[in-house]
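Let me begin by presenting the structure, written as structure tokens, before commenting on it.
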Amino acid sequence: MSLSTSIHDIKTLVLSYHPVIVMETVEEDRVVSLLQSTALELRMPFFQWSITTGLVRVPGKSIMYGTGEPTSLLSTLHQMDTQAIFLLKDFARFATDHTVARQLREVSQKFTKNRSTLVLSGATIRLSPEIEHNVVHFHLKLPEREELRKVFNTVLHSLVSANRIEVLLDPREREELVTAL
């Protein structure tokens, strides 16, 4: 699936007032890139959260202090009136706590009305039935060959410029490496 198709699909979900999107994947960087691009196209702010950093507005690294704990984060989100996309990394593991589950449910109900979207990402995500009914699952498919080629060329360029190394690959060898990805 191409990046532009994924962005279009996420935009459709956000514009359809889906309050919670679940993305089961270990590819955090792809999720961040996809959501950043989506937010940019929708002209919406993009925030990301992890237990170690709290809530951060991206780009820029503007940290919202006091949002490191799940209950504090959800209280903050419930009080915010900003229409935004919020990526919560590995958040589902905290949703087993009864207070967090209740707050998550209340935030998702509020986001149903204001077009904000929570995106829960992680390797495996299990939610209670009370929350699950407000959730849509987005399956992040493997990137298409052209996207892999772009990533490969970006990494190669980065290695060459940062480390001042010489890479001797002819076009056929480059394509073989892209195929191996």
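Residues are referred to by chain and number: the chain letter is A, B, ... according to the order shown in the structure tokens, the number counts from 1 in that chain, and ligands are numbered separately from 1 in the order shown.
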Open item on the list: Would you pick out the contacts of range 151-162 of chain A at 12 Å or less, using only C-alpha atoms, so that residues sharing its chain but fewer than 6 positions from it are not included, and give the list as a ChimeraX atom specification?
Closed with: /A:3,29-30,143-145,168-169,171,174-181
Task: helix (DSSP H, G or I) call set, DSSP backbone run, range 50-156 of chain A, as an MDAnalysis selection string - done: chainID A and resid 70:79 91:94 98:114 129:132 145:156
Open item on the list: Residues near Leu127 in chain A, anyone? I mean within 12 Å using only C-alpha atoms, not counting same-chain ones fewer than 5 positions away, as a VMD selection string.
Closed with: chain A and resid 20 to 22 91 to 98 100 to 102 104 to 105 120 132 to 137
Deliver the residues from the most recent selection as a file, using N, CA and C atoms, as a PDB file, in the first residue's frame.
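Output file part21.pdb follows:
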ATOM      1  N   VAL A  20     -11.237   6.883  17.830  1.00  0.00           N
ATOM      2  CA  VAL A  20     -10.069   6.074  18.187  1.00  0.00           C
ATOM      3  C   VAL A  20      -9.721   5.160  17.016  1.00  0.00           C
ATOM      4  N   ILE A  21      -8.462   5.234  16.600  1.00  0.00           N
ATOM      5  CA  ILE A  21      -7.937   4.347  15.565  1.00  0.00           C
ATOM      6  C   ILE A  21      -6.855   3.504  16.217  1.00  0.00           C
ATOM      7  N   VAL A  22      -6.918   2.199  15.999  1.00  0.00           N
ATOM      8  CA  VAL A  22      -5.915   1.284  16.535  1.00  0.00           C
ATOM      9  C   VAL A  22      -5.013   0.832  15.391  1.00  0.00           C
ATOM     10  N   PHE A  91      -0.085   2.619  24.550  1.00  0.00           N
ATOM     11  CA  PHE A  91      -1.044   3.051  25.564  1.00  0.00           C
ATOM     12  C   PHE A  91      -1.978   1.934  26.012  1.00  0.00           C
ATOM     13  N   ALA A  92      -2.245   0.988  25.144  1.00  0.00           N
ATOM     14  CA  ALA A  92      -3.248  -0.037  25.447  1.00  0.00           C
ATOM     15  C   ALA A  92      -2.929  -0.814  26.722  1.00  0.00           C
ATOM     16  N   ARG A  93      -1.669  -0.962  27.042  1.00  0.00           N
ATOM     17  CA  ARG A  93      -1.316  -1.712  28.258  1.00  0.00           C
ATOM     18  C   ARG A  93      -1.834  -1.038  29.528  1.00  0.00           C
ATOM     19  N   PHE A  94      -2.080   0.275  29.451  1.00  0.00           N
ATOM     20  CA  PHE A  94      -2.602   1.006  30.607  1.00  0.00           C
ATOM     21  C   PHE A  94      -4.124   0.971  30.666  1.00  0.00           C
ATOM     22  N   ALA A  95      -4.760   0.610  29.564  1.00  0.00           N
ATOM     23  CA  ALA A  95      -6.224   0.624  29.479  1.00  0.00           C
ATOM     24  C   ALA A  95      -6.874  -0.494  30.279  1.00  0.00           C
ATOM     25  N   THR A  96      -6.089  -1.386  30.856  1.00  0.00           N
ATOM     26  CA  THR A  96      -6.655  -2.427  31.715  1.00  0.00           C
ATOM     27  C   THR A  96      -7.000  -1.880  33.101  1.00  0.00           C
ATOM     28  N   ASP A  97      -6.405  -0.748  33.460  1.00  0.00           N
ATOM     29  CA  ASP A  97      -6.737  -0.077  34.715  1.00  0.00           C
ATOM     30  C   ASP A  97      -8.142   0.508  34.585  1.00  0.00           C
ATOM     31  N   HIS A  98      -8.985   0.300  35.586  1.00  0.00           N
ATOM     32  CA  HIS A  98     -10.389   0.722  35.510  1.00  0.00           C
ATOM     33  C   HIS A  98     -10.548   2.233  35.343  1.00  0.00           C
ATOM     34  N   VAL A 100      -8.301   4.364  34.022  1.00  0.00           N
ATOM     35  CA  VAL A 100      -7.829   4.712  32.679  1.00  0.00           C
ATOM     36  C   VAL A 100      -8.864   4.302  31.634  1.00  0.00           C
ATOM     37  N   ALA A 101      -9.429   3.112  31.788  1.00  0.00           N
ATOM     38  CA  ALA A 101     -10.445   2.644  30.835  1.00  0.00           C
ATOM     39  C   ALA A 101     -11.649   3.585  30.815  1.00  0.00           C
ATOM     40  N   ARG A 102     -12.085   4.014  31.987  1.00  0.00           N
ATOM     41  CA  ARG A 102     -13.229   4.935  32.055  1.00  0.00           C
ATOM     42  C   ARG A 102     -12.888   6.276  31.400  1.00  0.00           C
ATOM     43  N   LEU A 104     -10.600   6.862  29.155  1.00  0.00           N
ATOM     44  CA  LEU A 104     -10.439   6.650  27.714  1.00  0.00           C
ATOM     45  C   LEU A 104     -11.796   6.624  27.023  1.00  0.00           C
ATOM     46  N   ARG A 105     -12.734   5.994  27.669  1.00  0.00           N
ATOM     47  CA  ARG A 105     -14.096   5.945  27.120  1.00  0.00           C
ATOM     48  C   ARG A 105     -14.702   7.354  27.041  1.00  0.00           C
ATOM     49  N   LEU A 120      -4.029   4.725  18.785  1.00  0.00           N
ATOM     50  CA  LEU A 120      -3.315   3.850  19.710  1.00  0.00           C
ATOM     51  C   LEU A 120      -2.421   2.938  18.882  1.00  0.00           C
ATOM     52  N   GLU A 132     -13.917  -0.744  22.794  1.00  0.00           N
ATOM     53  CA  GLU A 132     -13.772  -1.327  21.451  1.00  0.00           C
ATOM     54  C   GLU A 132     -14.858  -0.867  20.484  1.00  0.00           C
ATOM     55  N   HIS A 133     -16.053  -0.601  20.974  1.00  0.00           N
ATOM     56  CA  HIS A 133     -17.127  -0.215  20.047  1.00  0.00           C
ATOM     57  C   HIS A 133     -16.914   1.175  19.436  1.00  0.00           C
ATOM     58  N   ASN A 134     -16.033   1.993  20.021  1.00  0.00           N
ATOM     59  CA  ASN A 134     -15.698   3.306  19.459  1.00  0.00           C
ATOM     60  C   ASN A 134     -14.415   3.280  18.631  1.00  0.00           C
ATOM     61  N   VAL A 135     -13.884   2.094  18.390  1.00  0.00           N
ATOM     62  CA  VAL A 135     -12.570   1.945  17.775  1.00  0.00           C
ATOM     63  C   VAL A 135     -12.700   1.426  16.348  1.00  0.00           C
ATOM     64  N   VAL A 136     -11.824   1.920  15.485  1.00  0.00           N
ATOM     65  CA  VAL A 136     -11.671   1.350  14.151  1.00  0.00           C
ATOM     66  C   VAL A 136     -10.213   0.897  14.035  1.00  0.00           C
ATOM     67  N   HIS A 137     -10.017  -0.285  13.460  1.00  0.00           N
ATOM     68  CA  HIS A 137      -8.668  -0.833  13.307  1.00  0.00           C
ATOM     69  C   HIS A 137      -8.134  -0.485  11.925  1.00  0.00           C
TER      70      HIS A 137
END
Task: Those of chain A in DSSP strand (DSSP E), formatted as a ChimeraX atom specification - done: /A:20-24,46-50,54-58,62-64,85-89,117-122,135-137
Task: Coordinates-based distance that separates CA of Leu13 in chain A from CA of Glu69 in chain A (Å, one decimal) - done: 27.3 Å
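Neighbouring residues of range 42-58 of chain A at 7 Å or closer, counting only C-alpha atoms and skipping chain neighbours under 6 positions away, are Gln36, Met64, Thr67, Gly68, Glu69, Gln83, Ala84, Ile85, Phe86, Leu87, Leu88 and Lys89 of chain A.
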Residue subset to file, keeping C-alpha atoms, as a PDB file, in the first residue's frame:
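Output (selection24.pdb):
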ATOM      1  CA  GLN A  36       2.311  13.669  10.554  1.00  0.00           C
ATOM      2  CA  MET A  64       2.850  19.549  27.728  1.00  0.00           C
ATOM      3  CA  THR A  67       0.999  14.474  30.974  1.00  0.00           C
ATOM      4  CA  GLY A  68       3.385  11.582  31.549  1.00  0.00           C
ATOM      5  CA  GLU A  69       0.921   9.443  33.466  1.00  0.00           C
ATOM      6  CA  GLN A  83      -9.121  19.414  16.970  1.00  0.00           C
ATOM      7  CA  ALA A  84      -5.999  17.304  16.581  1.00  0.00           C
ATOM      8  CA  ILE A  85      -4.551  13.878  15.947  1.00  0.00           C
ATOM      9  CA  PHE A  86      -3.023  12.312  19.062  1.00  0.00           C
ATOM     10  CA  LEU A  87      -0.713   9.304  18.754  1.00  0.00           C
ATOM     11  CA  LEU A  88      -0.515   7.328  22.001  1.00  0.00           C
ATOM     12  CA  LYS A  89       2.376   4.868  21.848  1.00  0.00           C
TER      13      LYS A  89
END
- [ ] Mind giving me the straight-line distance from CA of Ser121 in chain A to CA of Glu146 in chain A in Å, one decimal?
- [x] 24.8 Å
Open item on the list: List as a ChimeraX atom specification the protein and nucleic acid residues near Glu106 in chain A, meaning an atom at most 12 Å away when only C-alpha atoms are counted, but skip any in the same chain fewer than 5 places from it.
Closed with: /A:19-20,71,74-75,77-79,99-101,111-113,130-131,134
- [ ] In Å, rounded to a single decimal, give me how far CA of Arg115 in chain A is from CA of Gly60 in chain A.
- [x]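 Computing the Euclidean distance for CA of Gly60 in chain A and CA of Arg115 in chain A yields 22.9 Å.
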Task: Counting only C-alpha atoms, the residue of A:Leu40, A:His18, A:Asp90, A:Glu28 that sits nearest Lys110 in chain A - done: A:His18
Task: Given only C-alpha atoms as the counted atoms, nearest of A:Asn163, A:Ser116, A:Ser4, A:Thr25 to Met80 in chain A - done: A:Ser116
